[in-house]
Amino acid sequence: MNFYVMTLFPEMILQGVNTSITGRGIKSGAISVEAVHIRDYTKDKHGKTEDAPYGGGVGLVMQAQPIWDCYQAVLSMIEERKAQKEFIAGTASADPANIQTDTEPSSPCPEDDSVSFPAEDDAAGEPADTGSTGTKRPRVLYMSPQGRVFNQQMAEELSKEENLIFLCGHYEGVDERVLELMEAEEVSIGDYVLTGGELPAMVMIDSISRLVPGVLGKIESAEIESFHDNLLEYPQYSRPEVFMGRQVPEILLSGHHANVDKWRREQSILRTLKKRPDLLEEAVLTDKEKKYLDSVRESML
Ligand code: ADE
């Protein structure tokens with residue numbers, strides 16, 4: 001899976017993603033992250049990427065032109081990567097070396113040389129994956145506190161994409177026209193305001209990446225955990241058996257796997273009931289577990 005981040009602070013993104021588990025995922029080739037510097041695509045001779053808002057007001061607005069050209073460059077990168085992949089697989093008709101791209105900052109895309117992807121499939125409300133290039137138009141996620149709030153379900157949905165483009169905003173916002181042209185989806189990571197979209201993009205890349213096969217050591221470690229089946233994780237214990245007078249629950253030392261599994265599920269249900277009862281509405285429970293939940297609820301009355 002390939003992430004492309006359009007940003008004014010590429011070093012911030014690269015420092016964030018190249019460490020720990022995402023860094024390992026990049027090294028192994030399970031994911032890739034390109035931080036694309038919007039400033040490299042401005043046609044302003046002073047390198048300006050923002051200007052005062054029409055109609056007056058405080059602050060600066062990120063201008064449409066550098067973002068649009070940066071976006072075109074990212075689309076070219078995606079096409080080029082696809083051509084290279086096909087060439088290596090022996091399915092391409094053309095040598096990728098001959099494919100014209102405009103990804104070099106020194107040669108930003110000419111005015112009307114947009115890379116064309118298939119038009120959106122209106123019925124599905126999501127980009128279509130058929131058309132002249134055969135490449136699905138990548139989803140563009142604009143990081144903004146006004147967006148739909150990111151959650152685990154969105155992470156799971158987005159982890160199935162091959163390419164994702166992030167736009168990190170700054171200042172007072174982004175010229176609305178470029179957001180419309182890119183059909184950007186606004187996404188927030190929570191109801192608070194940050195100074196820019198870089199941290200939100202990194203948060204999203206982190207949570208999406210760990211769902212991409214090959215990023216985590218074992219697929220189970222992604223599955224048995226908070227929010228799986230809409231339940232919180234059960235408590236974990238490790239050596240020693242007694243710490244500061246506190247004993248590890250006896251059942252975990254019993255070696256009886258079925259009993260341990262049942263106890264863990266019940267602990268997950270209990271924790272969710274105590275900490276995030278809202279999640280229980282969508283929780284996936286067996287009939288026995290539903291009865292267990294009802295009995296706990298009754299005992300709390
Ligand atoms: N940019 C500023 N604040 C943000 C937030 N909460 N989520 C996403 N992008 C943002």
# chains A, B, ... in the order shown; residues from 1 in each chain; ligands from 1
>>> residues_near_ligand(ligand="ligand 1", cutoff="10 Å", atoms="only C-alpha atoms and all ligand atoms", output="PyMOL selection string")
chain A and resi 141-150+167-173+186-201+203-204
>>> residues_around(residues="A:Arg265", least_positions_apart="2", cutoff="9 Å", atoms="only C-alpha atoms", output="list in words")
Leu231, Glu233, Tyr234, Val260, Asp261, Lys262, Trp263, Gln267, Ser268, Ile269, Leu270 and Glu289 of chain A
>>> write_last_selection(atoms="N, CA and C atoms", output="compact mmCIF listing (two decimals), in the first residue's frame")
# COMPACT_ATOMS: atom_id res chain seq x y z
N LEU A 231 -15.22 -4.53 20.90
CA LEU A 231 -14.98 -4.70 22.34
C LEU A 231 -13.58 -4.20 22.69
N GLU A 233 -9.95 -4.38 24.78
CA GLU A 233 -9.05 -5.51 25.05
C GLU A 233 -9.15 -5.95 26.51
N TYR A 234 -9.00 -7.26 26.74
CA TYR A 234 -8.97 -7.81 28.10
C TYR A 234 -7.65 -7.43 28.78
N VAL A 260 -9.53 -19.96 29.72
CA VAL A 260 -8.82 -18.67 29.60
C VAL A 260 -9.51 -17.80 28.54
N ASP A 261 -9.84 -18.40 27.38
CA ASP A 261 -10.50 -17.65 26.30
C ASP A 261 -11.84 -17.08 26.77
N LYS A 262 -12.62 -17.91 27.49
CA LYS A 262 -13.93 -17.48 27.98
C LYS A 262 -13.75 -16.32 28.97
N TRP A 263 -12.79 -16.47 29.87
CA TRP A 263 -12.53 -15.43 30.88
C TRP A 263 -12.12 -14.12 30.17
N GLN A 267 -13.97 -10.56 30.31
CA GLN A 267 -13.26 -9.36 30.76
C GLN A 267 -13.40 -8.23 29.72
N SER A 268 -13.34 -8.60 28.44
CA SER A 268 -13.50 -7.59 27.37
C SER A 268 -14.89 -6.96 27.46
N ILE A 269 -15.90 -7.82 27.68
CA ILE A 269 -17.28 -7.32 27.77
C ILE A 269 -17.41 -6.40 28.99
N LEU A 270 -16.86 -6.85 30.13
CA LEU A 270 -16.92 -6.04 31.36
C LEU A 270 -16.26 -4.68 31.19
N GLU A 289 -22.81 -14.88 25.45
CA GLU A 289 -22.17 -13.63 25.88
C GLU A 289 -23.21 -12.54 26.13
>>> residues_around(residues="stretch 3-17 of chain A", least_positions_apart="3", cutoff="7 Å", atoms="only C-alpha atoms", output="number ranges by chain")
A: 22-23, 32-39, 163-168, 198, 202
>>> write_last_selection(atoms="N, CA, C and O atoms", output="PDB file, in the first residue's frame")
ATOM      1  N   THR A  22       5.940   1.275  11.532  1.00  0.00           N
ATOM      2  CA  THR A  22       5.739   1.775  10.160  1.00  0.00           C
ATOM      3  C   THR A  22       7.087   1.798   9.421  1.00  0.00           C
ATOM      4  O   THR A  22       7.143   1.469   8.235  1.00  0.00           O
ATOM      5  N   GLY A  23       8.145   2.153  10.131  1.00  0.00           N
ATOM      6  CA  GLY A  23       9.482   2.173   9.522  1.00  0.00           C
ATOM      7  C   GLY A  23       9.864   0.786   9.020  1.00  0.00           C
ATOM      8  O   GLY A  23      10.400   0.625   7.917  1.00  0.00           O
ATOM      9  N   SER A  32       4.620   2.029   1.478  1.00  0.00           N
ATOM     10  CA  SER A  32       5.574   3.083   1.135  1.00  0.00           C
ATOM     11  C   SER A  32       4.951   4.412   1.514  1.00  0.00           C
ATOM     12  O   SER A  32       3.727   4.544   1.516  1.00  0.00           O
ATOM     13  N   VAL A  33       5.788   5.346   1.919  1.00  0.00           N
ATOM     14  CA  VAL A  33       5.285   6.689   2.258  1.00  0.00           C
ATOM     15  C   VAL A  33       6.131   7.721   1.509  1.00  0.00           C
ATOM     16  O   VAL A  33       7.346   7.768   1.670  1.00  0.00           O
ATOM     17  N   GLU A  34       5.480   8.514   0.663  1.00  0.00           N
ATOM     18  CA  GLU A  34       6.166   9.614  -0.035  1.00  0.00           C
ATOM     19  C   GLU A  34       5.649  10.910   0.562  1.00  0.00           C
ATOM     20  O   GLU A  34       4.437  11.152   0.563  1.00  0.00           O
ATOM     21  N   ALA A  35       6.566  11.737   1.075  1.00  0.00           N
ATOM     22  CA  ALA A  35       6.170  13.066   1.555  1.00  0.00           C
ATOM     23  C   ALA A  35       6.484  14.044   0.428  1.00  0.00           C
ATOM     24  O   ALA A  35       7.644  14.226   0.067  1.00  0.00           O
ATOM     25  N   VAL A  36       5.470  14.625  -0.161  1.00  0.00           N
ATOM     26  CA  VAL A  36       5.661  15.471  -1.342  1.00  0.00           C
ATOM     27  C   VAL A  36       5.497  16.933  -0.920  1.00  0.00           C
ATOM     28  O   VAL A  36       4.451  17.314  -0.361  1.00  0.00           O
ATOM     29  N   HIS A  37       6.553  17.705  -1.179  1.00  0.00           N
ATOM     30  CA  HIS A  37       6.603  19.089  -0.701  1.00  0.00           C
ATOM     31  C   HIS A  37       5.778  20.005  -1.617  1.00  0.00           C
ATOM     32  O   HIS A  37       6.152  20.217  -2.779  1.00  0.00           O
ATOM     33  N   ILE A  38       4.703  20.535  -1.083  1.00  0.00           N
ATOM     34  CA  ILE A  38       3.819  21.402  -1.895  1.00  0.00           C
ATOM     35  C   ILE A  38       4.592  22.605  -2.433  1.00  0.00           C
ATOM     36  O   ILE A  38       4.385  23.019  -3.573  1.00  0.00           O
ATOM     37  N   ARG A  39       5.518  23.119  -1.622  1.00  0.00           N
ATOM     38  CA  ARG A  39       6.259  24.320  -2.044  1.00  0.00           C
ATOM     39  C   ARG A  39       7.053  24.082  -3.332  1.00  0.00           C
ATOM     40  O   ARG A  39       7.282  25.001  -4.108  1.00  0.00           O
ATOM     41  N   ASN A 163      -3.634   2.929  -3.028  1.00  0.00           N
ATOM     42  CA  ASN A 163      -2.969   4.233  -2.899  1.00  0.00           C
ATOM     43  C   ASN A 163      -3.868   5.173  -2.117  1.00  0.00           C
ATOM     44  O   ASN A 163      -5.080   5.173  -2.332  1.00  0.00           O
ATOM     45  N   LEU A 164      -3.269   5.970  -1.255  1.00  0.00           N
ATOM     46  CA  LEU A 164      -4.031   7.013  -0.550  1.00  0.00           C
ATOM     47  C   LEU A 164      -3.231   8.311  -0.603  1.00  0.00           C
ATOM     48  O   LEU A 164      -2.007   8.293  -0.404  1.00  0.00           O
ATOM     49  N   ILE A 165      -3.934   9.396  -0.878  1.00  0.00           N
ATOM     50  CA  ILE A 165      -3.265  10.703  -0.916  1.00  0.00           C
ATOM     51  C   ILE A 165      -3.783  11.545   0.251  1.00  0.00           C
ATOM     52  O   ILE A 165      -4.998  11.674   0.431  1.00  0.00           O
ATOM     53  N   PHE A 166      -2.862  12.097   1.027  1.00  0.00           N
ATOM     54  CA  PHE A 166      -3.238  12.972   2.144  1.00  0.00           C
ATOM     55  C   PHE A 166      -2.867  14.404   1.791  1.00  0.00           C
ATOM     56  O   PHE A 166      -1.803  14.645   1.223  1.00  0.00           O
ATOM     57  N   LEU A 167      -3.726  15.327   2.147  1.00  0.00           N
ATOM     58  CA  LEU A 167      -3.382  16.748   2.032  1.00  0.00           C
ATOM     59  C   LEU A 167      -3.368  17.333   3.435  1.00  0.00           C
ATOM     60  O   LEU A 167      -4.374  17.271   4.153  1.00  0.00           O
ATOM     61  N   CYS A 168      -2.203  17.879   3.815  1.00  0.00           N
ATOM     62  CA  CYS A 168      -2.077  18.485   5.141  1.00  0.00           C
ATOM     63  C   CYS A 168      -2.259  19.985   5.018  1.00  0.00           C
ATOM     64  O   CYS A 168      -1.450  20.660   4.366  1.00  0.00           O
ATOM     65  N   GLU A 198      -0.269  17.497   9.568  1.00  0.00           N
ATOM     66  CA  GLU A 198       0.778  16.465   9.525  1.00  0.00           C
ATOM     67  C   GLU A 198       0.575  15.388  10.597  1.00  0.00           C
ATOM     68  O   GLU A 198       0.654  14.190  10.306  1.00  0.00           O
ATOM     69  N   MET A 202      -0.177  11.400  10.058  1.00  0.00           N
ATOM     70  CA  MET A 202       0.676  10.347  10.625  1.00  0.00           C
ATOM     71  C   MET A 202      -0.140   9.381  11.489  1.00  0.00           C
ATOM     72  O   MET A 202       0.107   8.182  11.478  1.00  0.00           O
TER      73      MET A 202
END
>>> atom_distance(atom1="atom CA of A:Pro249", atom2="atom CA of A:Lys288")
22.4 Å
>>> closest_residue(among="A:Asp69, A:Phe117, A:Ala64, A:Ile26", to="A:Tyr41", atoms="only C-alpha atoms")
A:Asp69
>>> select_by_dssp(residues="stretch 39-285 of chain A", states="alpha helix (DSSP H)", output="ChimeraX atom specification")
/A:64-89,152-158,176-181,198-209,219-223,257-275
>>> atom_distance(atom1="atom CA of A:Gly25", atom2="atom CA of A:Trp68")
29.2 Å
>>> residues_around(residues="A:Ser20", least_positions_apart="6", cutoff="12 Å", atoms="only C-alpha atoms", output="PDB file with all heavy atoms, in the first residue's frame")
ATOM      1  N   ILE A  26       7.950  -0.039   5.933  1.00  0.00           N
ATOM      2  CA  ILE A  26       8.516   0.638   4.757  1.00  0.00           C
ATOM      3  C   ILE A  26       9.728  -0.151   4.257  1.00  0.00           C
ATOM      4  O   ILE A  26       9.857  -0.426   3.066  1.00  0.00           O
ATOM      5  CB  ILE A  26       8.882   2.110   5.097  1.00  0.00           C
ATOM      6  CG1 ILE A  26       7.611   2.931   5.350  1.00  0.00           C
ATOM      7  CG2 ILE A  26       9.723   2.738   3.981  1.00  0.00           C
ATOM      8  CD1 ILE A  26       7.840   4.309   5.949  1.00  0.00           C
ATOM      9  N   LYS A  27      10.583  -0.535   5.210  1.00  0.00           N
ATOM     10  CA  LYS A  27      11.802  -1.287   4.827  1.00  0.00           C
ATOM     11  C   LYS A  27      11.445  -2.612   4.148  1.00  0.00           C
ATOM     12  O   LYS A  27      12.087  -3.017   3.185  1.00  0.00           O
ATOM     13  CB  LYS A  27      12.666  -1.555   6.058  1.00  0.00           C
ATOM     14  CG  LYS A  27      13.500  -0.365   6.437  1.00  0.00           C
ATOM     15  CD  LYS A  27      14.769  -0.776   7.203  1.00  0.00           C
ATOM     16  CE  LYS A  27      15.447   0.460   7.742  1.00  0.00           C
ATOM     17  NZ  LYS A  27      14.878   0.876   9.052  1.00  0.00           N
ATOM     18  N   ASP A 206      -0.404   5.486  10.562  1.00  0.00           N
ATOM     19  CA  ASP A 206      -0.029   4.481  11.563  1.00  0.00           C
ATOM     20  C   ASP A 206      -1.146   3.447  11.732  1.00  0.00           C
ATOM     21  O   ASP A 206      -0.913   2.236  11.646  1.00  0.00           O
ATOM     22  CB  ASP A 206       0.274   5.181  12.895  1.00  0.00           C
ATOM     23  CG  ASP A 206       0.914   4.246  13.887  1.00  0.00           C
ATOM     24  OD1 ASP A 206       0.200   3.367  14.406  1.00  0.00           O
ATOM     25  OD2 ASP A 206       2.119   4.378  14.141  1.00  0.00           O
ATOM     26  N   SER A 209      -1.719   1.417   8.413  1.00  0.00           N
ATOM     27  CA  SER A 209      -0.585   0.532   8.063  1.00  0.00           C
ATOM     28  C   SER A 209      -0.615  -0.773   8.838  1.00  0.00           C
ATOM     29  O   SER A 209      -0.314  -1.832   8.305  1.00  0.00           O
ATOM     30  CB  SER A 209       0.750   1.181   8.410  1.00  0.00           C
ATOM     31  OG  SER A 209       0.925   2.328   7.707  1.00  0.00           O
ATOM     32  N   ARG A 210      -0.936  -0.675  10.126  1.00  0.00           N
ATOM     33  CA  ARG A 210      -0.882  -1.896  10.947  1.00  0.00           C
ATOM     34  C   ARG A 210      -1.923  -2.921  10.537  1.00  0.00           C
ATOM     35  O   ARG A 210      -1.889  -4.066  10.974  1.00  0.00           O
ATOM     36  CB  ARG A 210      -0.947  -1.564  12.431  1.00  0.00           C
ATOM     37  CG  ARG A 210      -2.200  -0.852  12.850  1.00  0.00           C
ATOM     38  CD  ARG A 210      -2.136  -0.398  14.286  1.00  0.00           C
ATOM     39  NE  ARG A 210      -2.181  -1.527  15.195  1.00  0.00           N
ATOM     40  CZ  ARG A 210      -3.249  -2.293  15.381  1.00  0.00           C
ATOM     41  NH1 ARG A 210      -4.355  -2.054  14.702  1.00  0.00           N
ATOM     42  NH2 ARG A 210      -3.214  -3.298  16.226  1.00  0.00           N
ATOM     43  N   VAL A 215       2.749  -5.884   7.784  1.00  0.00           N
ATOM     44  CA  VAL A 215       3.289  -4.788   8.598  1.00  0.00           C
ATOM     45  C   VAL A 215       3.485  -5.246  10.045  1.00  0.00           C
ATOM     46  O   VAL A 215       4.556  -5.066  10.619  1.00  0.00           O
ATOM     47  CB  VAL A 215       2.425  -3.508   8.508  1.00  0.00           C
ATOM     48  CG1 VAL A 215       2.861  -2.466   9.521  1.00  0.00           C
ATOM     49  CG2 VAL A 215       2.514  -2.929   7.090  1.00  0.00           C
ATOM     50  N   LEU A 216       2.479  -5.868  10.607  1.00  0.00           N
ATOM     51  CA  LEU A 216       2.647  -6.425  11.957  1.00  0.00           C
ATOM     52  C   LEU A 216       3.225  -7.827  11.832  1.00  0.00           C
ATOM     53  O   LEU A 216       3.001  -8.506  10.832  1.00  0.00           O
ATOM     54  CB  LEU A 216       1.314  -6.498  12.684  1.00  0.00           C
ATOM     55  CG  LEU A 216       0.695  -5.179  13.128  1.00  0.00           C
ATOM     56  CD1 LEU A 216      -0.548  -5.445  13.943  1.00  0.00           C
ATOM     57  CD2 LEU A 216       1.665  -4.336  13.934  1.00  0.00           C
TER      58      LEU A 216
END
>>> atom_distance(atom1="atom CA of A:Leu301", atom2="atom CA of A:Arg276")
17.7 Å
>>> select_by_dssp(residues="stretch 1-44 of chain A", states="strand (DSSP E or B)", output="number ranges by chain")
A: 2-7, 32-37
>>> closest_residue(among="A:Asn230, A:Asn259, A:Gln63, A:Thr135", to="A:Pro277", atoms="only C-alpha atoms")
A:Asn230
>>> residues_around(residues="A:Met1", least_positions_apart="5", cutoff="8 Å", atoms="only C-alpha atoms", output="list of chain:residue names")
A:Ala30, A:Ile31, A:Ser32, A:Ser159, A:Glu161, A:Glu162, A:Asn163, A:Val212
